[in-house]
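What follows is one structure encoded as structure tokens, with my remarks underneath.
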Amino acid sequence: MNTRFHLRERVFGDLRSVGHTARRPGKNQPDESPEVDALVAPGISPPSGPEPVAVDTFMFGEAEMMAAHVLAGPRPALVDPGPANTVPNLLASLDAMGIETLDSIVLTHIHFDHAAGTARLAERFPEASIYIHAGVAEHLVDPARLIAGVKSVWGEETEELFGLPDPIPAERIVPLGDGDSIDLGDRRLEAIATPGHTRAHISFFDDGTGALLCGDAIGLQLPSSRVIRPSTPPSDFSMEDARESIQKLNHAGAVSVHLPHFGQTRSAPDSVFDQADEALVRWHETFLRNREASESDLELQRQLNACVEAS
């Protein structure tokens with residue numbers, strides 16, 4: 001039986017005040033609106049090789065919160081485009097990098113911070129196929145139920161924080177399962193089923209470079225920190241699945257590990273997975289110890305955060 005635990009508070013904390021301090025695309029603004037002031041990371045340049053390049057989407061108007069990853073080559077791919085309302089930032093960065101075509105838009109999972117911008121990016125690159133776990137592919141075609149589910153957690157802030165996903169034609173979507181692969185022309189991107197953060201989660205191994213793109217399977221590494229912070233969202237997080245997925249990734253033979261939150265890990269692959277597993281176990285123990293005594297979800301969240309940061 002899976003041990004499932006989750007807090008209604010967001011993994012990035014309370015975001016209700018974000019709009020007071022950060023620039024971001026306005027609610028319901030189209031991608032090409034002159035009112036949108038697209039953000040591009042300083043010094044961004046064309047990829048110098050096939051290794052993943054992190055492209056800051058400036059989620060919530062903040063730097064280094066969410067990265068899409070570009071995989072250059074004969075058949076370029078982009079992994080996890082990010083929220084719908086940051087697509088103008090992503091497109092501006094791709095233009096600055098000289099990316100004129102995408103063969104593949106690849107999704108590790110369907111959460112809005114990773115995948116809500118997929119349809120808008122797909123409009124810009126009509127030649128691209130969209131790859132997603134077979135278990136949730138239907139939600140790209142008709143996102144109505146997905147939107148309702150996300151709004152049950154984020155409430156009326158959902159659209160302002162992320163934007164909403166648009167439908168994608170079914171013929172453009174390629175469902176994936178464990179062991180499937182995506183042809184990048186000179187190498188392959190191998191799909192590794194990694195449930196835990198959510199049931200329908202896939203990580204991807206680039207067999208040409210040894211790069212492992214983990215989505216949220218091992219957690220988050222925020223700027224200026226070497227700590228791997230567990231990511232345990234509401235609805236369908238599974239402790240047992242998450243730990244098994246971390247160990248599965250540990251045996252993938254990665255040369256480098258790349259996270260949407262944020263970028264290449266500061267620890268080497270031979271230690272980062274052990275760190276992630278230890279942090280998850282420590283956080284879970286703290287959760288169980290304090291769950292009954294805490295007076296609110298917010299108090300419990302603070303205790304869990306303190307546990308991770310103390311490490």
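Order determines the names: the first chain of the structure tokens is A, the second B, and so forth; residues in each chain are numbered 1 upward, and ligands are numbered 1 upward as they are shown.
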Rows by chain and residue number, region 92-205 of chain A within 12 Å of region 40-62 of chain A, shortest pair, only C-alpha atoms, as a tab-separated table:
```
residue	atom	partner	partner_atom	distance
A:Ala92	CA	A:Val40	CA	6.4
A:Ser93	CA	A:Val40	CA	5.4
A:Leu94	CA	A:Val55	CA	8.2
A:Asp95	CA	A:Pro46	CA	9.3
A:Ala96	CA	A:Ser45	CA	6.5
A:Met97	CA	A:Pro46	CA	4.1
A:Gly98	CA	A:Pro46	CA	5.9
A:Ile99	CA	A:Pro46	CA	7.6
A:Glu100	CA	A:Pro46	CA	11.0
A:Phe112	CA	A:Met59	CA	10.9
A:Asp113	CA	A:Met59	CA	7.8
A:His114	CA	A:Met59	CA	10.1
A:Ala116	CA	A:Met59	CA	11.7
A:Gly117	CA	A:Thr57	CA	10.5
A:Glu157	CA	A:Phe60	CA	11.6
A:Thr158	CA	A:Phe60	CA	11.5
A:Glu159	CA	A:Phe60	CA	11.6
A:Glu160	CA	A:Phe60	CA	9.1
A:Leu161	CA	A:Phe60	CA	6.3
A:Phe162	CA	A:Phe60	CA	7.8
A:Gly163	CA	A:Phe60	CA	10.7
A:Leu184	CA	A:Pro50	CA	10.1
A:Gly185	CA	A:Pro50	CA	11.3
A:Asp186	CA	A:Pro50	CA	9.5
A:Arg187	CA	A:Pro50	CA	9.6
A:Arg188	CA	A:Pro50	CA	11.6
A:Leu189	CA	A:Pro52	CA	11.6
A:Phe204	CA	A:Pro52	CA	11.4
A:Phe205	CA	A:Pro52	CA	10.9
```
For the residues selected in the previous step, produce a file with N, CA, C and O atoms as a compact mmCIF listing (two decimals), in the first residue's frame.
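What landed in again_21.txt:
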```
# COMPACT_ATOMS: atom_id res chain seq x y z
N ALA A 92 10.84 34.25 -26.74
CA ALA A 92 11.88 35.28 -26.90
C ALA A 92 13.26 34.68 -26.70
O ALA A 92 14.21 35.01 -27.43
N SER A 93 13.39 33.79 -25.73
CA SER A 93 14.68 33.14 -25.49
C SER A 93 15.06 32.21 -26.63
O SER A 93 16.22 32.17 -27.06
N LEU A 94 14.09 31.45 -27.15
CA LEU A 94 14.38 30.57 -28.28
C LEU A 94 14.81 31.37 -29.50
O LEU A 94 15.73 30.97 -30.24
N ASP A 95 14.17 32.51 -29.72
CA ASP A 95 14.59 33.38 -30.83
C ASP A 95 16.02 33.85 -30.62
O ASP A 95 16.83 33.88 -31.56
N ALA A 96 16.35 34.26 -29.39
CA ALA A 96 17.70 34.74 -29.09
C ALA A 96 18.73 33.63 -29.27
O ALA A 96 19.89 33.90 -29.58
N MET A 97 18.31 32.38 -29.08
CA MET A 97 19.22 31.24 -29.25
C MET A 97 19.32 30.79 -30.70
O MET A 97 20.12 29.89 -31.02
N GLY A 98 18.49 31.34 -31.57
CA GLY A 98 18.49 30.93 -32.96
C GLY A 98 17.75 29.63 -33.21
O GLY A 98 17.98 28.98 -34.24
N ILE A 99 16.86 29.24 -32.31
CA ILE A 99 16.07 28.02 -32.49
C ILE A 99 14.91 28.33 -33.42
O ILE A 99 13.97 29.04 -33.05
N GLU A 100 14.94 27.80 -34.63
CA GLU A 100 13.92 28.09 -35.63
C GLU A 100 12.94 26.95 -35.82
O GLU A 100 11.89 27.13 -36.45
N PHE A 112 0.80 22.13 -14.22
CA PHE A 112 0.75 23.39 -14.95
C PHE A 112 2.08 24.11 -15.02
O PHE A 112 2.35 24.84 -15.98
N ASP A 113 2.94 23.98 -14.00
CA ASP A 113 4.23 24.67 -14.06
C ASP A 113 5.15 24.05 -15.09
O ASP A 113 6.14 24.67 -15.50
N HIS A 114 4.84 22.86 -15.57
CA HIS A 114 5.65 22.18 -16.58
C HIS A 114 5.00 22.17 -17.96
O HIS A 114 5.71 22.25 -18.97
N ALA A 116 1.53 23.58 -18.97
CA ALA A 116 0.37 24.39 -19.38
C ALA A 116 0.64 25.19 -20.65
O ALA A 116 -0.28 25.55 -21.38
N GLY A 117 1.91 25.48 -20.94
CA GLY A 117 2.23 26.25 -22.14
C GLY A 117 2.41 25.44 -23.40
O GLY A 117 2.75 25.99 -24.46
N GLU A 157 -6.56 31.80 -8.09
CA GLU A 157 -5.24 32.28 -8.50
C GLU A 157 -4.66 31.51 -9.68
O GLU A 157 -3.65 31.91 -10.25
N THR A 158 -5.28 30.38 -10.04
CA THR A 158 -4.71 29.49 -11.04
C THR A 158 -4.34 30.20 -12.33
O THR A 158 -3.21 30.11 -12.82
N GLU A 159 -5.30 30.90 -12.91
CA GLU A 159 -5.07 31.51 -14.22
C GLU A 159 -4.04 32.62 -14.13
O GLU A 159 -3.20 32.78 -15.03
N GLU A 160 -4.08 33.40 -13.06
CA GLU A 160 -3.12 34.49 -12.93
C GLU A 160 -1.69 33.96 -12.76
O GLU A 160 -0.75 34.52 -13.32
N LEU A 161 -1.54 32.88 -12.03
CA LEU A 161 -0.21 32.35 -11.77
C LEU A 161 0.37 31.58 -12.95
O LEU A 161 1.56 31.69 -13.24
N PHE A 162 -0.45 30.78 -13.63
CA PHE A 162 0.06 29.88 -14.65
C PHE A 162 -0.49 30.14 -16.05
O PHE A 162 0.13 29.71 -17.03
N GLY A 163 -1.63 30.80 -16.17
CA GLY A 163 -2.36 30.73 -17.42
C GLY A 163 -3.04 29.38 -17.52
O GLY A 163 -2.83 28.49 -16.68
N LEU A 184 16.16 11.74 -31.81
CA LEU A 184 16.72 13.09 -31.93
C LEU A 184 17.64 13.23 -33.14
O LEU A 184 18.31 14.24 -33.29
N GLY A 185 17.65 12.23 -34.00
CA GLY A 185 18.45 12.30 -35.22
C GLY A 185 19.81 11.67 -35.05
O GLY A 185 20.16 10.71 -35.76
N ASP A 186 20.61 12.17 -34.11
CA ASP A 186 21.95 11.63 -33.86
C ASP A 186 22.03 10.82 -32.57
O ASP A 186 23.08 10.30 -32.21
N ARG A 187 20.91 10.70 -31.86
CA ARG A 187 20.85 9.97 -30.61
C ARG A 187 19.39 9.78 -30.23
O ARG A 187 18.51 10.26 -30.95
N ARG A 188 19.13 9.12 -29.12
CA ARG A 188 17.76 8.88 -28.71
C ARG A 188 17.53 9.37 -27.28
O ARG A 188 18.44 9.36 -26.45
N LEU A 189 16.29 9.78 -27.04
CA LEU A 189 15.86 10.21 -25.72
C LEU A 189 14.99 9.09 -25.17
O LEU A 189 13.89 8.84 -25.69
N PHE A 204 13.72 11.38 -18.64
CA PHE A 204 14.27 11.10 -19.97
C PHE A 204 15.79 11.07 -19.91
O PHE A 204 16.43 11.96 -19.34
N PHE A 205 16.36 10.02 -20.53
CA PHE A 205 17.80 9.83 -20.59
C PHE A 205 18.28 10.01 -22.02
O PHE A 205 17.81 9.33 -22.93
```
List as a Markdown table every residue of region 83-132 of chain A that is in contact with region 138-149 of chain A, defined as an atom at most 9 Å from one of its atoms (using only C-alpha atoms), together with the nearest atom pair and the distance in Å rounded to one decimal, sorted by chain and then rising number.
```
| residue | atom | partner | partner_atom | distance |
| --- | --- | --- | --- | --- |
| A:Ile110 | CA | A:His139 | CA | 8.3 |
| A:His111 | CA | A:Leu146 | CA | 9.0 |
| A:Phe112 | CA | A:Ile147 | CA | 8.9 |
| A:Thr118 | CA | A:Leu140 | CA | 8.5 |
| A:Ala119 | CA | A:Leu140 | CA | 8.2 |
| A:Ile132 | CA | A:Leu140 | CA | 8.9 |
```
Legend entry - Non-local contacts of Glu190 (chain A) (8 Å; only C-alpha atoms; under 3 positions in same chain excluded) as a list in words: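 So, after excluding close chain neighbours, the residues are Gly179, Asp180, Ser181, Ile182, Phe204, Phe205, Asp206 and Asp207 of chain A.
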Taking a cut-off of 12 Å and counting only C-alpha atoms, can you build a table that, for each residue of region 169-271 of chain A near region 282-296 of chain A, reports the nearest atom pair and how far apart they are in Å (one decimal), sorted by chain then residue number, as a tab-separated table?
```
residue	atom	partner	partner_atom	distance
A:Gly219	CA	A:Trp283	CA	11.9
A:Ile228	CA	A:Trp283	CA	11.2
A:Arg229	CA	A:Trp283	CA	9.0
A:Pro230	CA	A:Trp283	CA	7.6
A:Ser231	CA	A:Trp283	CA	10.3
A:Thr232	CA	A:His284	CA	10.0
A:Ser238	CA	A:His284	CA	11.1
A:Met239	CA	A:His284	CA	8.2
A:Glu240	CA	A:His284	CA	11.1
A:Ala242	CA	A:His284	CA	11.7
A:Arg243	CA	A:His284	CA	11.4
```
Legend entry - Contacts of region 248-261 of chain A within 9 Å, only C-alpha atoms, excl. fewer than 6 positions in-chain, as a PyMOL selection string: chain A and resi 52+54+64-69+79-80+82+114+192+194+203+205-206+209-223+267-270+272-274
Legend entry - Top pick for closest residue to Ile202 (chain A), considering A:His133, A:Leu164, A:Asp241, A:Glu171 and counting only C-alpha atoms: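 Among the listed residues, A:His133 lies closest to Ile202 (chain A).
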Can you list, as a CSV table (one decimal) with C-alpha atoms, in the first residue's frame, all residues belonging to region 27-144 of chain A that DSSP tags as helix (DSSP H, G or I)?
```csv
chain,number,residue,atom,x,y,z
A,59,MET,CA,7.7,31.6,-13.8
A,60,PHE,CA,5.9,34.0,-11.4
A,61,GLY,CA,8.1,36.8,-12.9
A,84,ALA,CA,1.0,29.1,-20.4
A,85,ASN,CA,1.6,32.7,-19.3
A,86,THR,CA,5.4,32.5,-19.6
A,87,VAL,CA,5.4,31.3,-23.3
A,88,PRO,CA,6.3,34.8,-24.5
A,89,ASN,CA,9.4,34.6,-22.4
A,90,LEU,CA,10.3,31.2,-23.7
A,91,LEU,CA,9.7,32.2,-27.3
A,92,ALA,CA,11.9,35.3,-26.9
A,93,SER,CA,14.7,33.1,-25.5
A,94,LEU,CA,14.4,30.6,-28.3
A,95,ASP,CA,14.6,33.4,-30.8
A,96,ALA,CA,17.7,34.7,-29.1
A,97,MET,CA,19.2,31.2,-29.2
A,112,PHE,CA,0.7,23.4,-15.0
A,113,ASP,CA,4.2,24.7,-14.1
A,114,HIS,CA,5.7,22.2,-16.6
A,115,ALA,CA,3.1,21.7,-19.3
A,118,THR,CA,2.5,23.3,-24.5
A,119,ALA,CA,-0.4,24.2,-26.8
A,120,ARG,CA,0.9,27.8,-27.3
A,121,LEU,CA,4.4,26.5,-28.0
A,122,ALA,CA,3.0,23.9,-30.4
A,123,GLU,CA,1.2,26.7,-32.3
A,124,ARG,CA,4.6,28.4,-32.8
A,134,ALA,CA,0.1,7.6,-22.2
A,135,GLY,CA,-2.0,7.8,-18.9
A,136,VAL,CA,-2.6,11.6,-19.2
A,138,GLU,CA,-6.2,12.7,-23.1
A,139,HIS,CA,-5.9,15.8,-20.9
A,140,LEU,CA,-3.9,17.6,-23.6
A,141,VAL,CA,-6.7,17.0,-26.1
A,144,ALA,CA,-11.3,20.8,-19.0
```
Legend entry - Residues flagged strand (DSSP E or B) by DSSP in region 34-229 of chain A, as a VMD selection string: chain A and resid 53 to 56 67 to 71 77 to 79 104 to 106 129 to 133 173 to 176 181 to 183 188 to 193 202 to 206 211 to 213 220 229
For the selection just defined, write its residues with C-alpha atoms to a file, as a compact mmCIF listing (two decimals), in the first residue's frame.
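As a result, out29.txt now contains:
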```
# COMPACT_ATOMS: atom_id res chain seq x y z
CA VAL A 53 20.48 23.99 -22.17
CA ALA A 54 18.29 25.38 -19.39
CA VAL A 55 16.04 28.22 -20.60
CA ASP A 56 14.57 30.31 -17.80
CA ALA A 67 13.54 25.93 -16.66
CA ALA A 68 12.60 24.47 -20.00
CA HIS A 69 15.45 22.45 -21.51
CA VAL A 70 16.54 22.63 -25.13
CA LEU A 71 18.24 19.61 -26.72
CA ALA A 77 13.63 18.91 -28.77
CA LEU A 78 12.35 20.99 -25.88
CA VAL A 79 11.49 19.42 -22.52
CA SER A 104 9.67 17.36 -30.37
CA ILE A 105 7.98 18.97 -27.38
CA VAL A 106 8.52 16.57 -24.50
CA SER A 129 5.15 16.25 -32.09
CA ILE A 130 4.14 16.35 -28.42
CA TYR A 131 5.25 13.47 -26.20
CA ILE A 132 3.51 12.69 -22.89
CA HIS A 133 2.82 9.75 -20.58
CA ILE A 173 0.30 13.79 -29.51
CA VAL A 174 2.51 10.71 -29.09
CA PRO A 175 1.73 8.70 -25.92
CA LEU A 176 4.77 7.22 -24.15
CA SER A 181 12.25 6.48 -27.04
CA ILE A 182 12.26 9.68 -29.09
CA ASP A 183 14.49 9.99 -32.15
CA ARG A 188 17.76 8.88 -28.71
CA LEU A 189 15.86 10.21 -25.72
CA GLU A 190 14.80 7.22 -23.64
CA ALA A 191 11.64 7.36 -21.51
CA ILE A 192 11.91 6.11 -17.91
CA ALA A 193 8.65 5.78 -15.98
CA ILE A 202 8.39 10.21 -17.04
CA SER A 203 12.08 11.08 -16.86
CA PHE A 204 14.27 11.10 -19.97
CA PHE A 205 17.80 9.83 -20.59
CA ASP A 206 19.81 11.20 -23.52
CA ALA A 211 22.17 13.68 -19.59
CA LEU A 212 19.22 12.72 -17.39
CA LEU A 213 16.22 15.06 -17.33
CA LEU A 220 13.85 20.58 -6.40
CA ARG A 229 14.03 19.61 -1.51
```
Inset, instruction - Pick out the residues sitting within 7 Å of Leu102 (chain A), and hand them over as a ChimeraX atom specification; count only C-alpha atoms, and ignore anything fewer than 6 positions along from it in its own chain. - result: /A:75-77,125,127-128
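In this model, the gap between CA of Thr108 (chain A) and CA of Arg226 (chain A) comes to 22.7 Å.
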Legend entry - Straight-line distance linking CA of Asp277 (chain A) with CA of Ile246 (chain A), stated in Å to one decimal: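 Separation of CA of Asp277 (chain A) and CA of Ile246 (chain A): 6.8 Å.
The shortest atom-to-atom distance to Ala137 (chain A), with only C-alpha atoms taken into account, belongs to A:Ala200 out of A:Thr101, A:Pro165, A:Ala200, A:Asp178.
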